[in-house]
$ cat data-v7.csv   # CSV, C-alpha atoms
chain,number,residue,atom,x,y,z
A,107,MET,CA,29.1,-24.5,9.3
A,108,ALA,CA,31.8,-24.5,12.0
A,109,ARG,CA,34.0,-27.6,12.1
A,110,ASP,CA,32.8,-28.3,15.6
A,111,ALA,CA,29.1,-27.6,15.0
A,112,SER,CA,26.8,-29.8,17.1
A,113,HIS,CA,24.4,-32.4,15.7
A,114,GLU,CA,21.5,-30.2,16.7
A,115,ALA,CA,23.0,-27.1,14.9
A,116,ILE,CA,23.5,-29.1,11.8
A,117,ARG,CA,19.9,-30.3,11.9
A,118,THR,CA,18.6,-26.8,12.4
A,119,ALA,CA,20.6,-25.5,9.5
A,120,TYR,CA,19.5,-28.4,7.3
A,121,ARG,CA,15.8,-27.7,8.2
A,122,LYS,CA,16.1,-24.1,7.4
A,123,LEU,CA,17.7,-24.8,4.0
A,124,ALA,CA,15.3,-27.6,3.2
A,125,LYS,CA,12.3,-25.4,3.9
A,126,ARG,CA,13.4,-23.0,1.2
A,127,HIS,CA,14.7,-25.5,-1.4
A,128,HIS,CA,12.6,-28.7,-1.1
A,129,PRO,CA,12.0,-29.5,-4.7
A,130,ASP,CA,8.4,-30.6,-4.1
A,131,LEU,CA,7.7,-27.1,-2.8
A,132,ASN,CA,9.6,-25.6,-5.8
A,133,PRO,CA,8.3,-27.5,-8.8
A,134,GLY,CA,9.9,-26.5,-12.1
A,135,ASP,CA,12.9,-24.8,-10.4
A,136,ALA,CA,15.9,-26.9,-11.5
A,137,GLN,CA,18.2,-24.7,-9.4
A,138,ALA,CA,16.2,-25.5,-6.2
A,139,GLU,CA,16.4,-29.2,-7.0
A,140,ALA,CA,20.2,-29.2,-7.5
A,141,GLN,CA,20.6,-27.1,-4.4
A,142,PHE,CA,18.4,-29.5,-2.4
A,143,LYS,CA,20.5,-32.5,-3.5
A,144,ARG,CA,23.6,-30.8,-2.2
A,145,ILE,CA,21.8,-29.9,1.1
A,146,VAL,CA,20.7,-33.5,1.5
A,147,SER,CA,24.0,-35.0,0.8
A,148,ALA,CA,25.8,-32.5,3.1
A,149,HIS,CA,23.3,-33.3,5.8
A,150,GLN,CA,23.7,-37.1,5.4
A,151,LEU,CA,27.4,-36.7,5.5
A,152,LEU,CA,27.5,-34.5,8.5
A,153,SER,CA,24.9,-36.5,10.4
A,154,ASP,CA,27.0,-39.6,10.3
A,155,PRO,CA,29.9,-39.3,12.7
A,156,ALA,CA,32.1,-41.8,10.9
A,157,LYS,CA,31.6,-40.2,7.5
A,158,ARG,CA,32.0,-36.8,9.0
A,159,ALA,CA,35.4,-37.7,10.4
A,160,ARG,CA,36.5,-39.0,7.0
A,161,PHE,CA,35.3,-35.9,5.4
A,162,ASP,CA,37.0,-33.7,7.9
A,163,ALA,CA,40.2,-35.7,7.3
A,164,GLY,CA,39.8,-35.1,3.6
A,165,GLU,CA,39.2,-38.7,2.7
A,166,ILE,CA,35.9,-38.2,0.9
A,167,ASP,CA,34.3,-35.2,-0.8
A,168,ALA,CA,30.9,-33.8,-0.2
A,169,ALA,CA,29.5,-34.7,-3.6
A,170,GLY,CA,30.5,-38.3,-3.4
A,171,GLN,CA,27.7,-39.0,-0.9
A,172,GLU,CA,24.8,-38.1,-3.0
A,173,LYS,CA,22.1,-40.7,-2.6
A,174,ALA,CA,19.6,-41.2,-5.4
A,175,ARG,CA,16.2,-40.1,-4.2
A,176,PRO,CA,13.1,-42.2,-5.1
A,177,ASN,CA,10.6,-40.7,-7.5
A,178,SER,CA,9.5,-37.4,-6.0
A,179,TYR,CA,5.9,-36.3,-5.5
A,180,ARG,CA,6.4,-33.5,-8.1
A,181,ASP,CA,7.2,-36.1,-10.7
A,182,TYR,CA,3.6,-37.5,-10.4
A,183,ALA,CA,1.9,-34.3,-9.4
A,184,GLU,CA,3.1,-32.5,-12.6
A,185,GLY,CA,1.6,-35.2,-14.8
A,186,SER,CA,-1.9,-36.4,-15.3
A,187,ALA,CA,-1.6,-38.7,-12.2
A,188,GLY,CA,-1.6,-35.5,-10.2
A,189,ARG,CA,-5.3,-34.9,-10.9
A,190,ARG,CA,-5.9,-37.4,-8.1
A,191,TYR,CA,-5.1,-34.6,-5.7
A,192,SER,CA,-6.8,-31.7,-7.5
A,193,PRO,CA,-8.2,-29.2,-5.0
A,194,GLY,CA,-12.0,-29.8,-5.1
A,195,GLY,CA,-12.0,-33.2,-6.6
A,196,THR,CA,-10.6,-34.9,-9.7
A,197,ALA,CA,-13.2,-33.4,-12.0
A,198,GLN,CA,-12.2,-29.9,-11.1
A,199,ASP,CA,-8.9,-30.1,-12.9
A,200,ALA,CA,-10.5,-30.4,-16.3
A,201,TRP,CA,-10.7,-27.3,-18.4
A,202,ASP,CA,-14.1,-25.6,-18.6
A,203,HIS,CA,-15.2,-22.5,-20.4
A,204,GLU,CA,-14.6,-20.3,-17.4
A,205,ASP,CA,-11.0,-21.4,-17.0
A,206,ILE,CA,-10.3,-20.7,-20.6
A,207,SER,CA,-11.8,-17.3,-20.6
A,208,ASP,CA,-10.2,-16.6,-17.3
A,209,MET,CA,-6.8,-17.6,-18.6
A,210,PHE,CA,-7.2,-15.8,-21.9
A,211,GLY,CA,-8.6,-12.8,-20.1
A,212,SER,CA,-5.5,-12.5,-18.0
A,213,MET,CA,-3.3,-13.3,-21.0
A,214,PHE,CA,-4.7,-10.7,-23.3
A,215,GLY,CA,-5.2,-7.9,-20.9
A,216,SER,CA,-8.9,-7.8,-20.5
A,217,GLY,CA,-9.1,-7.3,-16.8
A,218,ARG,CA,-6.4,-8.9,-14.8
A,219,ARG,CA,-3.4,-7.5,-16.6
A,220,HIS,CA,-1.6,-6.7,-13.3
A,221,ALA,CA,-1.9,-9.8,-11.3
A,222,GLY,CA,-1.3,-8.1,-7.9
A,223,PRO,CA,-3.8,-6.2,-5.9
A,224,GLN,CA,-4.7,-2.9,-7.3
A,225,ARG,CA,-4.8,0.3,-5.3
A,226,GLY,CA,-7.9,2.4,-5.8
A,227,ALA,CA,-7.7,5.5,-7.9
A,228,ASP,CA,-6.9,8.9,-6.4
A,229,GLN,CA,-9.8,11.3,-6.6
A,230,ARG,CA,-9.7,15.1,-6.7
A,231,PHE,CA,-12.4,17.4,-5.3
A,232,THR,CA,-12.7,21.1,-4.6
A,233,LEU,CA,-14.0,22.6,-1.5
A,234,SER,CA,-15.0,26.2,-1.0
A,235,ALA,CA,-14.1,27.5,2.4
A,236,HIS,CA,-15.2,30.6,4.3
A,237,PHE,CA,-12.4,33.1,4.7
A,238,LEU,CA,-12.4,32.9,8.5
A,239,ASP,CA,-12.5,29.1,8.5
A,240,ALA,CA,-9.4,29.1,6.3
A,241,ILE,CA,-7.6,31.6,8.6
A,242,ASN,CA,-8.6,30.0,11.9
A,243,GLY,CA,-9.1,26.4,10.9
A,244,ALA,CA,-12.3,24.5,10.9
A,245,THR,CA,-13.9,21.2,10.0
A,246,GLN,CA,-16.1,21.3,7.0
A,247,ARG,CA,-18.4,18.6,5.7
A,248,LEU,CA,-18.1,17.6,2.0
A,249,THR,CA,-20.6,15.4,0.2
A,250,LEU,CA,-19.0,13.5,-2.6
A,251,PRO,CA,-20.7,12.8,-5.9
A,252,ASP,CA,-21.0,9.1,-4.9
A,253,GLY,CA,-22.9,10.1,-1.7
A,254,ARG,CA,-20.1,9.6,0.7
A,255,VAL,CA,-19.6,12.3,3.3
A,256,LEU,CA,-16.1,13.5,4.3
A,257,ASP,CA,-15.4,15.7,7.2
A,258,VAL,CA,-12.5,17.8,5.9
A,259,LYS,CA,-10.3,19.3,8.5
A,260,ILE,CA,-9.1,22.7,7.2
A,261,PRO,CA,-5.9,23.6,9.1
A,262,PRO,CA,-5.4,27.1,10.4
A,263,GLY,CA,-3.7,29.4,7.9
A,264,THR,CA,-4.9,27.5,4.9
A,265,GLU,CA,-4.1,29.5,1.7
A,266,GLU,CA,-6.1,29.7,-1.5
A,267,GLY,CA,-5.4,26.7,-3.7
A,268,THR,CA,-4.0,24.5,-1.0
A,269,THR,CA,-4.5,20.8,-1.6
A,270,LEU,CA,-5.2,18.5,1.3
A,271,ARG,CA,-4.7,14.8,1.1
A,272,LEU,CA,-7.1,12.4,2.8
A,273,ARG,CA,-5.3,9.1,2.8
A,274,GLY,CA,-7.5,6.1,1.9
A,275,GLN,CA,-10.6,8.2,1.1
A,276,GLY,CA,-10.3,7.9,-2.7
A,277,GLY,CA,-11.5,5.1,-5.0
A,278,GLU,CA,-11.8,1.6,-3.7
A,279,GLY,CA,-9.3,-1.0,-4.7
A,280,THR,CA,-8.3,-4.5,-3.7
A,281,GLY,CA,-4.8,-3.2,-2.7
A,282,GLY,CA,-6.2,-0.4,-0.5
A,283,ASN,CA,-8.2,2.6,-1.3
A,284,GLY,CA,-6.7,5.6,-3.2
A,285,ASP,CA,-6.4,9.0,-1.7
A,286,ALA,CA,-8.8,11.9,-1.9
A,287,PHE,CA,-7.1,15.2,-2.8
A,288,ILE,CA,-9.2,18.2,-1.8
A,289,GLU,CA,-8.3,21.6,-3.3
A,290,ILE,CA,-9.4,24.4,-1.1
A,291,HIS,CA,-10.8,27.6,-2.5
A,292,VAL,CA,-11.1,30.4,-0.1
A,293,ALA,CA,-14.0,32.8,-0.6
A,294,PRO,CA,-13.2,36.5,-0.3
A,295,HIS,CA,-14.2,38.3,2.8
A,296,ALA,CA,-16.2,41.6,2.9
A,297,PHE,CA,-13.5,43.6,4.6
A,298,PHE,CA,-10.5,41.4,5.5
A,299,ARG,CA,-7.8,40.7,2.9
A,300,ARG,CA,-5.0,38.2,3.4
A,301,ASP,CA,-1.4,39.2,2.6
A,302,GLY,CA,0.8,36.3,3.4
A,303,ALA,CA,0.7,36.0,7.2
A,304,ASP,CA,-0.8,39.4,7.6
A,305,ILE,CA,-4.4,40.6,7.3
A,306,ARG,CA,-5.3,43.9,5.8
A,307,LEU,CA,-8.3,45.9,6.6
A,308,ASP,CA,-9.8,49.3,5.6
A,309,LEU,CA,-10.9,50.9,8.8
A,310,PRO,CA,-13.5,53.7,8.6
A,311,VAL,CA,-13.1,56.4,11.3
A,312,SER,CA,-15.2,59.4,12.0
A,313,LEU,CA,-13.8,62.9,11.6
A,314,THR,CA,-13.9,63.4,15.3
A,315,GLU,CA,-12.0,60.1,16.0
A,316,ALA,CA,-9.4,61.1,13.4
A,317,VAL,CA,-8.9,64.6,14.7
A,318,LEU,CA,-9.2,64.0,18.4
A,319,GLY,CA,-8.0,60.5,18.6
A,320,ALA,CA,-10.0,57.7,20.2
A,321,SER,CA,-10.0,54.1,21.5
A,322,ILE,CA,-12.1,52.1,19.2
A,323,GLU,CA,-13.1,48.5,18.7
A,324,VAL,CA,-11.6,46.9,15.6
A,325,PRO,CA,-12.8,43.6,14.1
A,326,THR,CA,-10.0,41.1,13.6
A,327,THR,CA,-10.1,37.5,12.3
A,328,GLY,CA,-9.9,36.4,15.9
A,329,GLY,CA,-12.6,38.7,17.3
A,330,LYS,CA,-12.9,42.3,18.3
A,331,VAL,CA,-9.8,44.1,19.7
A,332,ARG,CA,-9.5,47.7,21.1
A,333,MET,CA,-7.2,50.0,19.3
A,334,ARG,CA,-6.0,53.5,19.9
A,335,ILE,CA,-6.3,56.0,17.1
A,336,PRO,CA,-3.8,58.8,17.7
A,337,PRO,CA,-5.0,62.4,17.5
A,338,GLY,CA,-4.6,63.9,14.1
A,339,SER,CA,-4.7,60.7,12.2
A,340,ASP,CA,-5.1,61.2,8.4
A,341,SER,CA,-6.9,59.0,6.0
A,342,LEU,CA,-4.6,56.2,4.7
A,343,THR,CA,-2.7,56.1,8.0
A,344,GLN,CA,-1.7,52.5,8.6
A,345,LEU,CA,-1.9,51.2,12.1
A,346,ARG,CA,-0.6,47.8,13.1
A,347,LEU,CA,-2.0,45.3,15.5
A,348,ARG,CA,0.9,43.0,16.3
A,349,GLY,CA,0.1,39.3,16.2
A,350,ARG,CA,-3.5,39.8,15.1
A,351,GLY,CA,-3.0,38.5,11.6
A,352,VAL,CA,-3.1,34.9,10.5
A,353,PRO,CA,-2.5,32.8,13.7
A,354,ALA,CA,0.7,30.9,14.0
A,355,HIS,CA,0.6,27.6,12.0
A,356,GLY,CA,3.2,25.1,11.2
A,357,LYS,CA,6.5,26.9,11.1
A,358,VAL,CA,4.9,30.3,10.3
A,359,ALA,CA,4.7,32.7,13.1
A,360,ALA,CA,1.5,34.7,13.7
A,361,GLY,CA,1.2,37.7,11.3
A,362,ASP,CA,0.0,41.2,12.0
A,363,LEU,CA,-3.2,43.1,11.3
A,364,TYR,CA,-2.8,46.3,9.3
A,365,ALA,CA,-5.7,48.7,9.4
A,366,THR,CA,-5.7,51.5,6.9
A,367,LEU,CA,-7.8,54.5,8.2
A,368,ARG,CA,-10.5,55.9,6.0
A,369,VAL,CA,-11.7,59.2,7.4
A,370,THR,CA,-15.4,59.6,6.8
A,371,VAL,CA,-17.0,63.0,6.9
A,372,GLY,CA,-20.6,61.8,7.1
A,373,LYS,CA,-23.8,63.6,6.3
A,374,PRO,CA,-23.7,67.4,6.1
A,375,ASP,CA,-23.8,68.9,9.6
A,376,ALA,CA,-24.9,72.5,10.2
A,377,ALA,CA,-22.6,73.1,13.2
A,378,LEU,CA,-19.6,71.6,11.4
A,379,THR,CA,-20.3,73.6,8.3
A,380,ALA,CA,-20.6,76.8,10.3
A,381,PHE,CA,-17.4,76.0,12.2
A,382,LEU,CA,-15.4,75.4,9.0
A,383,GLN,CA,-16.7,78.5,7.4
A,384,ASP,CA,-15.2,80.5,10.2
A,385,TRP,CA,-12.1,78.3,10.7
A,386,MET,CA,-8.8,79.9,10.0
A,387,PRO,CA,-6.2,77.1,10.1
A,388,GLU,CA,-3.0,77.9,12.1
A,389,ASP,CA,-0.9,76.3,9.4
A,390,PRO,CA,-2.8,76.3,6.1
A,391,HIS,CA,-1.5,73.6,3.7
A,392,ASN,CA,-2.3,72.5,0.2
A,393,PRO,CA,-2.9,68.7,0.2
A,394,ARG,CA,-2.2,68.6,-3.6
A,395,ALA,CA,1.1,70.4,-3.4
A,396,ALA,CA,3.1,67.3,-4.4
A,397,MET,CA,0.9,66.7,-7.4
A,398,GLU,CA,1.1,70.3,-8.6
A,399,ALA,CA,4.9,70.3,-8.2
A,400,GLY,CA,5.0,67.0,-10.3
A,401,THR,CA,3.2,68.4,-13.4
B,21,MET,CA,-0.1,-50.8,-6.1
B,22,ILE,CA,1.0,-51.8,-2.6
B,23,ASP,CA,-0.8,-52.2,0.7
B,24,ILE,CA,-0.4,-50.4,3.9
B,25,ASP,CA,2.1,-52.8,5.6
B,26,VAL,CA,4.4,-52.7,2.6
B,27,LEU,CA,4.2,-48.9,2.4
B,28,ILE,CA,5.2,-48.5,6.1
B,29,THR,CA,8.3,-50.6,5.7
B,30,GLN,CA,9.3,-48.5,2.6
B,31,ILE,CA,9.2,-45.2,4.4
B,32,SER,CA,11.3,-44.6,7.4
B,33,GLY,CA,9.8,-42.6,10.2
B,34,LEU,CA,6.2,-43.5,9.3
B,35,SER,CA,3.8,-45.3,11.7
B,36,LYS,CA,0.6,-47.0,10.7
B,37,ALA,CA,-1.4,-44.8,13.0
B,38,ASP,CA,0.0,-41.7,11.4
B,39,LEU,CA,-0.9,-42.9,7.9
B,40,GLU,CA,-4.4,-44.0,8.9
B,41,ARG,CA,-5.0,-40.6,10.4
B,42,TRP,CA,-3.8,-38.9,7.3
B,43,ILE,CA,-6.0,-41.0,5.1
B,44,GLY,CA,-8.9,-40.1,7.5
B,45,ASN,CA,-8.0,-36.4,7.1
B,46,GLY,CA,-8.1,-36.8,3.3
B,47,TRP,CA,-4.5,-35.9,2.9
B,48,VAL,CA,-3.7,-39.2,1.2
B,49,ARG,CA,-6.0,-41.0,-1.2
B,50,THR,CA,-6.3,-44.8,-1.5
B,51,ASN,CA,-7.8,-47.5,-3.5
B,52,GLY,CA,-9.7,-50.3,-1.9
B,53,PRO,CA,-11.9,-50.4,1.1
B,54,ALA,CA,-10.9,-49.4,4.7
B,55,GLY,CA,-8.8,-52.1,6.2
B,56,ALA,CA,-7.5,-53.2,2.7
B,57,TYR,CA,-6.1,-50.0,1.4
B,58,LEU,CA,-4.0,-50.0,-1.8
B,59,PHE,CA,-1.7,-47.2,-2.8
B,60,GLN,CA,-0.7,-45.9,-6.2
B,61,ASP,CA,2.7,-44.6,-6.9
B,62,ILE,CA,1.6,-41.0,-6.5
B,63,ASP,CA,0.1,-41.8,-3.1
B,64,ILE,CA,3.4,-43.4,-2.0
B,65,ALA,CA,5.3,-40.3,-3.1
B,66,ARG,CA,2.8,-38.1,-1.3
B,67,VAL,CA,3.2,-40.0,1.9
B,68,GLN,CA,6.9,-39.6,1.6
B,69,LEU,CA,6.5,-35.9,1.1
B,70,ILE,CA,4.2,-35.6,4.1
B,71,VAL,CA,6.7,-37.5,6.2
B,72,GLU,CA,9.5,-35.1,5.1
B,73,LEU,CA,7.3,-32.0,5.7
B,74,ARG,CA,6.5,-33.2,9.2
B,75,ASN,CA,9.8,-34.8,10.3
B,76,ASP,CA,12.4,-32.8,8.5
B,77,LEU,CA,10.8,-29.5,7.9
B,78,ARG,CA,8.9,-29.6,11.2
B,79,ILE,CA,5.6,-28.6,9.8
B,80,ASP,CA,3.2,-29.8,12.4
B,81,GLU,CA,-0.2,-31.4,11.6
B,82,GLU,CA,-2.0,-28.2,12.4
B,83,ALA,CA,-0.2,-26.4,9.5
B,84,LEU,CA,0.1,-29.4,7.2
B,85,PRO,CA,-3.4,-29.1,5.6
B,86,VAL,CA,-2.7,-25.5,4.7
B,87,VAL,CA,0.6,-26.5,3.1
B,88,LEU,CA,-0.9,-29.4,1.3
B,89,HIS,CA,-3.8,-27.4,0.0
B,90,LEU,CA,-1.5,-24.7,-1.4
B,91,LEU,CA,0.6,-27.4,-3.0
B,92,ASP,CA,-2.4,-29.0,-4.6
B,93,GLN,CA,-3.4,-25.7,-6.0
B,94,LEU,CA,0.1,-25.0,-7.2
B,95,TYR,CA,0.3,-28.3,-9.0
B,96,SER,CA,-3.2,-27.9,-10.4
B,97,VAL,CA,-2.2,-24.6,-12.0
B,98,ARG,CA,1.0,-26.1,-13.3
B,99,ARG,CA,-0.9,-28.9,-14.9
B,100,GLN,CA,-3.2,-26.4,-16.5
B,101,ILE,CA,-0.3,-24.4,-17.8
B,102,HIS,CA,1.3,-27.6,-19.2
B,103,ASP,CA,-2.1,-28.4,-20.9
B,104,LEU,CA,-2.3,-25.0,-22.3
B,105,GLY,CA,1.3,-25.2,-23.6
B,106,ASP,CA,0.5,-28.6,-25.2
B,107,ALA,CA,-2.6,-27.2,-26.8
B,108,LEU,CA,-0.7,-24.2,-28.2
B,109,ASP,CA,2.0,-26.5,-29.4
B,110,ARG,CA,-0.6,-28.4,-31.4
B,111,LEU,CA,-2.8,-25.6,-32.6
B,112,ALA,CA,-0.7,-22.4,-32.8
B,113,THR,CA,1.3,-21.4,-35.8
B,114,GLN,CA,5.0,-20.7,-35.5
B,115,GLU,CA,4.3,-16.9,-35.9
B,116,PHE,CA,1.7,-16.9,-33.2
B,117,ARG,CA,3.9,-18.7,-30.8
B,118,GLN,CA,6.7,-16.2,-31.5
B,119,ALA,CA,4.3,-13.2,-31.1
B,120,LEU,CA,3.0,-14.7,-27.8
B,121,ALA,CA,6.5,-15.2,-26.4
B,122,GLN,CA,7.4,-11.7,-27.4
B,123,GLN,CA,4.2,-10.3,-25.8
B,124,LEU,CA,4.8,-12.3,-22.5
B,125,GLN,CA,8.4,-11.0,-22.4
B,126,GLN,CA,7.2,-7.4,-22.9
B,127,SER,CA,4.5,-7.8,-20.2
B,128,LYS,CA,7.2,-9.0,-17.8
B,129,ALA,CA,9.4,-6.1,-18.6
B,130,GLU,CA,6.6,-3.7,-18.1
B,131,ASN,CA,5.7,-5.3,-14.7
B,132,ASP,CA,9.4,-5.2,-13.7
B,133,ALA,CA,9.5,-1.6,-14.6
B,134,GLU,CA,6.6,-0.7,-12.3
$ encode --input "data-v7.csv" --output "structure tokens"
Amino acid sequence: MARDASHEAIRTAYRKLAKRHHPDLNPGDAQAEAQFKRIVSAHQLLSDPAKRARFDAGEIDAAGQEKARPNSYRDYAEGSAGRRYSPGGTAQDAWDHEDISDMFGSMFGSGRRHAGPQRGADQRFTLSAHFLDAINGATQRLTLPDGRVLDVKIPPGTEEGTTLRLRGQGGEGTGGNGDAFIEIHVAPHAFFRRDGADIRLDLPVSLTEAVLGASIEVPTTGGKVRMRIPPGSDSLTQLRLRGRGVPAHGKVAAGDLYATLRVTVGKPDAALTAFLQDWMPEDPHNPRAAMEAGT
Amino acid sequence: MIDIDVLITQISGLSKADLERWIGNGWVRTNGPAGAYLFQDIDIARVQLIVELRNDLRIDEEALPVVLHLLDQLYSVRRQIHDLGDALDRLATQEFRQALAQQLQQSKAENDAE
């Protein structure tokens, strides 16, 4: 305290300390009791202007002013006299079977080993998601074994094996529920394959489209898109649709769609057969030349 | 045991009206009929405590019953612990008491570690 502290400031400081250290509020804490005695004597000293002047002048010391306190409430309350103020009447203080099993239960670990509130257990579930839902994001309903229904929000770009955490949706507990961890399994798609942020697709084209070129509709994970097939495209030609892969999610930019052409000849066709029989290529080539050179 | 007039002179900052209200609230117990109350030592100490809580610690009469109820529970538990300690003292063997102390210490260490 400052030397020139006002009477009110001293009172406020005293009140603050007394709230913390009052021995009847801290039974069994010898330190609090000793501390409180010092607080009281300091307060008595500083509240009395004459004594304070002598203390400031160095004539008396702080400890010399300690006044004996009458018997405190705790002295009675700790003993059998205290039963007079048992919560719920004097009879309630007596030991009964429940108290004893309660106490021994907590002592020997059957039940209340950890006295504080317990958080519920975390629970793990798996959820099978459609390929397109995992790419584009979706909300999927999951019914838990205990009958609860969770609406699981699958974020866009979710990869196989991703675990989502639903805070507070796990087991119940007195200290808050645990979390539910949902492991997402992505079902394979009939023709799309995921490759990081890109999507791969085998794209069948007709002989005519491959030879003459065409503008065709291509399925993507985001819907159909027109794509130009250049004239003279071979099987296994890879065409890219920029930005048509996995949509942008989090810090990952949108990927691309790679379509690998598969030229399909189709059913035998008389006109085509006749044409090819008469056909003399301008520049005949052996498609297996590389293989033959390798052996 | 003393009566209400003596009690009021013993405790500074206490009025008869306050004390009668507290008795009416059930915060202070008495012996004897209304108008001729008698107080045991513990009652006197409790009145002293309530005066300190109200005047020095500024706990108003709205909050006082909460504080008193918590205190009564605290002391009730402490009395039970003392009783249990006494019973163990009489009944338990030296070995058991040592094992118990060890176990309690271990539990505390485990809880602290969490």
$ residues_around --input "data-v7.csv" --residues "Gly33 in chain B" --least-positions-apart "5" --cutoff "12 Å" --atoms "all atoms listed in the file" --output "list in words"
Leu27, Ile28, Asp38, Leu39, Val67, Gln68, Leu69, Ile70, Val71, Glu72, Leu73, Arg74, Asn75 and Asp76 of chain B
$ interface_residues --input "data-v7.csv" --of "chain A" --to "chain B" --cutoff "6 Å" --atoms "all atoms listed in the file" --output "ChimeraX atom specification"
/A:121,125,178-179,182,184,192-193
$ residues_around --input "data-v7.csv" --residues "Ile22 in chain B" --least-positions-apart "4" --cutoff "7 Å" --atoms "all atoms listed in the file" --output "NGL selection string"
:B and (26-27 or 58-59)
$ closest_residue --input "data-v7.csv" --among "A:Glu278, A:Ile335, A:Ala227, A:Leu382" --to "Ser321 in chain A" --atoms "all atoms listed in the file"
A:Ile335
$ atom_distance --input "data-v7.csv" --atom1 "CA of Ala138 in chain A" --atom2 "CA of Gly185 in chain A"
19.5 Å
$ residues_around --input "data-v7.csv" --residues "range 287-304 of chain A" --least-positions-apart "6" --cutoff "6 Å" --atoms "only C-alpha atoms" --output "list in words"
Arg230, Phe231, Thr232, Leu233, Ser234, Ala235, His236, Phe237, Glu266, Gly267, Thr268, Thr269, Leu270, Arg271, Gly351, Val352, Gly361, Asp362 and Leu363 of chain A
$ closest_residue --input "data-v7.csv" --among "A:Pro336, A:Val331, A:Asn283, A:Ser147" --to "Val317 in chain A" --atoms "all atoms listed in the file"
A:Pro336
$ atom_distance --input "data-v7.csv" --atom1 "CA of Ala156 in chain A" --atom2 "CA of Gln30 in chain B"
25.2 Å
$ atom_distance --input "data-v7.csv" --atom1 "CA of Gly274 in chain A" --atom2 "CA of Gly226 in chain A"
8.6 Å
$ decode --input "data-v7.csv" --residues "range 79-105 of chain B" --atoms "C-alpha atoms" --output "PDB file, in the first residue's frame"
ATOM      1  CA  ILE B  79     -21.572 -10.266   1.007  1.00  0.00           C
ATOM      2  CA  ASP B  80     -25.117  -8.970   0.892  1.00  0.00           C
ATOM      3  CA  GLU B  81     -28.106 -10.829   2.270  1.00  0.00           C
ATOM      4  CA  GLU B  82     -29.100 -12.010  -1.201  1.00  0.00           C
ATOM      5  CA  ALA B  83     -25.840 -13.954  -1.526  1.00  0.00           C
ATOM      6  CA  LEU B  84     -25.434 -14.915   2.127  1.00  0.00           C
ATOM      7  CA  PRO B  85     -27.663 -18.024   2.100  1.00  0.00           C
ATOM      8  CA  VAL B  86     -25.614 -19.422  -0.767  1.00  0.00           C
ATOM      9  CA  VAL B  87     -22.374 -18.820   1.082  1.00  0.00           C
ATOM     10  CA  LEU B  88     -23.761 -20.266   4.310  1.00  0.00           C
ATOM     11  CA  HIS B  89     -25.141 -23.334   2.588  1.00  0.00           C
ATOM     12  CA  LEU B  90     -21.810 -24.005   0.904  1.00  0.00           C
ATOM     13  CA  LEU B  91     -20.022 -23.527   4.213  1.00  0.00           C
ATOM     14  CA  ASP B  92     -22.421 -25.901   5.972  1.00  0.00           C
ATOM     15  CA  GLN B  93     -21.756 -28.513   3.318  1.00  0.00           C
ATOM     16  CA  LEU B  94     -18.019 -27.943   3.567  1.00  0.00           C
ATOM     17  CA  TYR B  95     -18.018 -28.411   7.318  1.00  0.00           C
ATOM     18  CA  SER B  96     -20.302 -31.409   7.093  1.00  0.00           C
ATOM     19  CA  VAL B  97     -17.863 -33.112   4.728  1.00  0.00           C
ATOM     20  CA  ARG B  98     -14.956 -32.162   6.930  1.00  0.00           C
ATOM     21  CA  ARG B  99     -16.663 -33.657   9.973  1.00  0.00           C
ATOM     22  CA  GLN B 100     -17.257 -36.842   8.031  1.00  0.00           C
ATOM     23  CA  ILE B 101     -13.618 -36.968   7.006  1.00  0.00           C
ATOM     24  CA  HIS B 102     -12.580 -36.502  10.630  1.00  0.00           C
ATOM     25  CA  ASP B 103     -14.976 -39.278  11.662  1.00  0.00           C
ATOM     26  CA  LEU B 104     -13.548 -41.530   9.000  1.00  0.00           C
ATOM     27  CA  GLY B 105     -10.028 -40.694  10.079  1.00  0.00           C
TER      28      GLY B 105
END
